[in-house]
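Asker: Have a look at the structure that comes next, please.
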Amino acid sequence: MSVITVLDTQTANSIAAGEVVERPASVVKELVENALDAGASVIHVEIRQGGISSIRVTDNGCGMDETDAQLAFGRHATSKIRSIDDLEQLSTMGFRGEALASIAAVAKVRLETRPIGQASGTAVEITAGELVALRPAGCPEGTTLVIENLFFNTPARFKFLKKDSSEAAAVADVLERIALARPDVSFRLVSQGNELLHTPGNNDLRSAIFAVFGKEAASSIHQLDYTMAPVQISGYIGTPEAARNSRNQQCIYVNGRLVKSRAVSAAIDEAYATHLMKRKHPLAVLKIDLPTPLVDVNVHPQKMEVRFWDEQAVFRAVYHGIQNALQSGGAIVESTPFSGAVHAPAPAPVQMSLPRPVNEPASAAAGYATDPVAAGPDLSGVVIQDAPARSDLPDQVVAQTMQEKTDHQLEQSQPEPSTISRPKSISSLHSARLIGQLFATYLVLEHEQDLLLLDQHAAHERILFEQLVARHRARGPAAVQPLLIPQTIEVSAREQAILLAEQENLLQLGFEFEAFGNQSILLRSLPDSGRFVLRPQAAIRVLLDTLMSDKLRSEEQIDELYYSMACKAAIKAHDKLDVREMEQLLSDLGELEDPYHCPHGRPVIIRISRYELEKQFKRIV
């Protein structure tokens, strides 16, 4: 007796659907690509319960007659190709003829379509792959597809769907990325009656980026146009300052098709390697055009993977294209050249005069009290890092002054073991004399026979981090810092959906907010950080960067969020401080259990002994 059987049509279609239809976002992708192939210039998507209960896709494309409307739901039925040779000249999004058949096998489908110029249209209803109705219908020109009760007949697949808000965010992500590929088409996404996306369709990619990623991203991009035959690269790249913690703002298109490519992602990383902190990723909307015979799109049913005839050639084109844009100066922050005159040293040491900054005072940004501190700083038991005992120290200082790193690079740099000697314990800094501020970055102190240099950013970052963690881990309700005037924070539609999906969890951390329009939130409170007021815009941006890469489910992830928040809110290098602010910083540092290192592990204080100074000046041979 034979043990091999041929599966019935419904079972075979349901199994095949798993390769094409994983979740509501997969359905939207396939239907929208069909609408684009039909020549639509306006596409409207409406979903309910994240697309699980209902998906409606309406377009103004060419439409179908009755015969094509019925044939469209057959397996391997397509108007895009006629033979395998057509794959070498493929210019459409779809071509496999599997999408509609796979969707109809696991849902209830209703199609209404009318060709341009015809008086009436056709309505088709299919349930679980079976034709239920086929009749004439009055409908507008174009096509409307309604998908209901997705996976109603495949409970094994249904149970793997996520909550409605997560599925809605996935749908928004897919549609946003397709919209960036086609700025000439107007896309609109509505979820539960709320508009999540609306692009103008004016054929301006910058406008599409504004609609998808928001105002902040659209104002931090620069155009890219580069050719290394036969590869042509166009699009926009983000400035290093606008980089994020994940690749969510990177979109790669090959001949207009949204794809994932390790080679292209690696080229982006390599091109930005010297411009970004570790684990930061720039915004990039890259359109790669090359002759169709040189790329194979028939790799996977979801058509998200492609094979290039020469991956190294594509890598080089992307790498050099981005490098060319960066080196042209469009996306590089120019350092301010040193223009001050060199003066002869004074005959005797004097107390440094500390002028107030012309711009916003650091005290307002950091939230420091302006009252002078009565007592001097007390850092009992502080461990201070020794400065390098090398004869070329002055050269190093000059080199670092002429080639100053940005704040972010300073935060990630790690001390070399060979250049920092063992920590030396100092019993108390109560008697240390505050000399002043050096390079608007370091505090200079004299203690006994040592010169102490304190990194103001690293010190304040540690103070803020300890405050945030201590209040979070304290028993009782979340410690919040209500805003006197609620702040309106602009975000993209997808970012808003992510925040709303995690709203309950974020409230427990002290973030209280609500939706305010389609691309903004109204922020009412932040996590309490004591007297240090966090900037709302910076706090929400750090929060979004964390949520884009991972959810806040563990103490380690929450700590990582607080690392980033403290870094954003802390005093920066080049912020000028007055004497009272410096004394307050030292006093706050002395209250910490570990004042020696910032949350990233960098030393807060280094020590230069009098012996080393006199050795540099050749007073000691």
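Residue numbering restarts at 1 in every chain; chains get A, B, ... in the order shown in the structure tokens, and ligands count up from 1 in that same order.
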From a DSSP pass on the backbone, collect the residues of region 87-288 of chain A flagged as strand (DSSP E) and hand them back as a PyMOL selection string.
Answerer: chain A and resi 108-114+121-127+130-137+142-148+186-191+194-198+221-228+231-238+250-254+257-259+284-288
Asker: Compile the contact shell of region 165-172 of chain A as a list in words: residues with an atom at most 6 Å away, counting only C-alpha atoms, same-chain residues fewer than 3 positions apart removed.
Answerer: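 Returned residues: Ala25, Gly50, Leu175, Glu176, Ala497 and Ala501 of chain A.
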Asker: Taking C-alpha atoms for each residue, export the selection above as a PDB file, in the first residue's frame.
Answerer:
```
ATOM      1  CA  ALA A  25       2.112  43.221   6.865  1.00  0.00           C
ATOM      2  CA  GLY A  50      -3.627  45.513  13.149  1.00  0.00           C
ATOM      3  CA  LEU A 175       4.057  50.727   3.707  1.00  0.00           C
ATOM      4  CA  GLU A 176       6.501  53.463   4.702  1.00  0.00           C
ATOM      5  CA  ALA A 497       2.686  53.649  17.014  1.00  0.00           C
ATOM      6  CA  ALA A 501       2.144  50.128  21.940  1.00  0.00           C
TER       7      ALA A 501
END
```
Asker: Return the single residue from A:Leu613, A:Ile489, A:Leu543, A:Leu276 that is closest to Leu561 (chain A), with distances computed using only C-alpha atoms.
Answerer: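 The shortest atom-to-atom distance to Leu561 (chain A) comes from A:Leu543.
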Asker: What gap, in Å, lies between CA of Gln327 (chain A) and CA of Pro230 (chain A)?
Answerer: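 So the answer is 22.8 Å.
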Asker: Which residues, written as a short mmCIF file (atom, residue, chain, number, x, y, z; two decimals) with N, CA and C atoms, in the first residue's frame, have at least one atom at most 8 Å from Lys215 (chain A), with only C-alpha atoms counted and residues fewer than 3 positions away on the same chain left out?
Answerer:
```cif
data_model
loop_
_atom_site.label_atom_id
_atom_site.label_comp_id
_atom_site.auth_asym_id
_atom_site.auth_seq_id
_atom_site.Cartn_x
_atom_site.Cartn_y
_atom_site.Cartn_z
N PHE A 210 10.20 63.17 4.81
CA PHE A 210 9.56 63.99 5.84
C PHE A 210 8.30 63.30 6.35
N ALA A 211 7.47 62.77 5.45
CA ALA A 211 6.23 62.12 5.85
C ALA A 211 6.47 60.83 6.62
N ALA A 218 14.26 64.68 8.10
CA ALA A 218 14.28 65.33 6.79
C ALA A 218 15.19 66.54 6.75
N SER A 219 15.45 67.14 7.90
CA SER A 219 16.34 68.31 7.95
C SER A 219 17.79 67.91 8.16
N GLU A 490 7.61 66.03 18.13
CA GLU A 490 7.33 65.51 16.79
C GLU A 490 8.02 64.17 16.60
N VAL A 491 7.27 63.19 16.12
CA VAL A 491 7.79 61.86 15.81
C VAL A 491 7.17 61.43 14.49
#
```
Asker: Would you mind reading off the distance between CA of Ser520 (chain A) and CA of Gln496 (chain A), one decimal, in Å?
Answerer: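 Taking CA of Ser520 (chain A) and CA of Gln496 (chain A), their separation equals 6.9 Å.
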Asker: Can you tell me how far CA of Gln616 (chain A) sits from CA of Arg602 (chain A), in Å to one decimal?
Answerer: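 Pair CA of Gln616 (chain A) / CA of Arg602 (chain A) returns 25.6 Å.
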Asker: Could you please write out, as a ChimeraX atom specification, every residue of region 9-191 of chain A that DSSP assigns to helix (DSSP H, G or I)?
Answerer: /A:9-20,24-37,49-51,66-71,84-89,99-105,155-158,164-181
Asker: Taking into account only C-alpha atoms, which residue in the set A:Val444, A:Val480, A:Asp588, A:Arg580 is nearest to His460 (chain A)?
Answerer: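 Distance minimum relative to His460 (chain A) lands on A:Asp588.
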Asker: Using only C-alpha atoms, can you tell me which of A:Ala156, A:Ile608, A:Ala458, A:Leu506 comes closest to Pro595 (chain A)?
Answerer: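 Answer, going by the shortest atom-to-atom distance: A:Ala458.
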Asker: What's around Ile252 (chain A) at 6 Å? Count only C-alpha atoms, leave out sequence neighbours fewer than 3 positions away in its own chain, and write the answer as a ChimeraX atom specification.
Answerer: /A:258-259,286
Asker: Output C-alpha atoms of each residue in that selection to a file, as an mmCIF file, in the first residue's frame.
Answerer:
```cif
data_model
loop_
_atom_site.group_PDB
_atom_site.id
_atom_site.type_symbol
_atom_site.label_atom_id
_atom_site.label_comp_id
_atom_site.auth_asym_id
_atom_site.auth_seq_id
_atom_site.Cartn_x
_atom_site.Cartn_y
_atom_site.Cartn_z
ATOM 1 C CA LEU A 258 12.684 46.977 -1.485
ATOM 2 C CA VAL A 259 15.307 44.391 -0.516
ATOM 3 C CA LEU A 286 19.549 54.221 -1.229
#
```
Asker: Leu145 (chain A): which residues within 7 Å, counting only C-alpha atoms, same-chain residues fewer than 5 positions away excluded, as an NGL selection string?
Answerer: :A and (56-58 or 110-112)
Asker: Could you write those residues out with C-alpha atoms, as a PDB file, in the first residue's frame?
Answerer:
```
ATOM      1  CA  ARG A  56      -8.758  47.168   2.726  1.00  0.00           C
ATOM      2  CA  VAL A  57      -6.494  48.254  -0.140  1.00  0.00           C
ATOM      3  CA  THR A  58      -7.916  50.657  -2.718  1.00  0.00           C
ATOM      4  CA  ARG A 110     -13.723  40.351  -1.552  1.00  0.00           C
ATOM      5  CA  LEU A 111     -12.545  41.962  -4.798  1.00  0.00           C
ATOM      6  CA  GLU A 112     -14.192  44.851  -6.630  1.00  0.00           C
TER       7      GLU A 112
END
```
Asker: Excluding Arg541 (chain A) and any residue of its chain fewer than 2 positions from it, enumerate the residues within 12 Å of it, using only C-alpha atoms, and give them as a CSV table (one decimal) with C-alpha atoms, in the first residue's frame.
Answerer:
```csv
chain,number,residue,atom,x,y,z
A,216,GLU,CA,14.0,66.1,12.3
A,217,ALA,CA,15.2,63.4,9.9
A,242,ALA,CA,21.2,62.0,13.2
A,243,ALA,CA,22.4,58.4,13.6
A,244,ARG,CA,20.3,55.9,15.6
A,245,ASN,CA,20.8,52.7,17.6
A,489,ILE,CA,7.3,66.2,20.5
A,490,GLU,CA,7.3,65.5,16.8
A,491,VAL,CA,7.8,61.9,15.8
A,492,SER,CA,7.1,59.8,12.7
A,495,GLU,CA,7.5,55.9,16.1
A,496,GLN,CA,4.2,57.1,17.5
A,499,LEU,CA,5.4,54.5,21.7
A,534,LEU,CA,16.2,66.2,31.4
A,535,ARG,CA,15.4,67.7,28.0
A,536,PRO,CA,12.1,66.3,26.8
A,537,GLN,CA,13.1,66.1,23.2
A,538,ALA,CA,16.4,64.3,23.9
A,539,ALA,CA,14.7,61.9,26.4
A,543,LEU,CA,13.7,56.2,24.3
A,544,LEU,CA,12.7,55.7,20.7
A,545,ASP,CA,16.2,54.5,19.8
A,546,THR,CA,16.1,51.9,22.6
A,547,LEU,CA,12.6,50.7,21.6
A,548,MET,CA,13.6,50.4,17.9
A,561,LEU,CA,18.1,53.4,28.5
A,564,SER,CA,21.7,56.9,27.0
A,565,MET,CA,19.5,59.4,28.7
A,568,LYS,CA,22.1,63.1,26.3
A,569,ALA,CA,21.2,65.3,29.3
```
Asker: Quick one: of A:Leu326, A:Val212, A:Val254, A:Leu577, who's nearest to Thr274 (chain A), counting only C-alpha atoms?
Answerer: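 Under the stated criterion, the closest residue is A:Leu326.
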Asker: In terms of the shortest atom-to-atom distance over only C-alpha atoms, which of A:Leu283, A:Leu294, A:Leu452, A:Ala573 is closest to Arg433 (chain A)?
Answerer: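 Checking each of A:Leu283, A:Leu294, A:Leu452, A:Ala573 against Arg433 (chain A), counting only C-alpha atoms, the winner is A:Leu452.
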Asker: Considering only C-alpha atoms, can you say which of A:Pro140, A:Arg23, A:Pro183, A:Asn194 comes closest to Arg157 (chain A)?
Answerer: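 When distances to Arg157 (chain A) are compared using only C-alpha atoms, the smallest one comes from A:Arg23.
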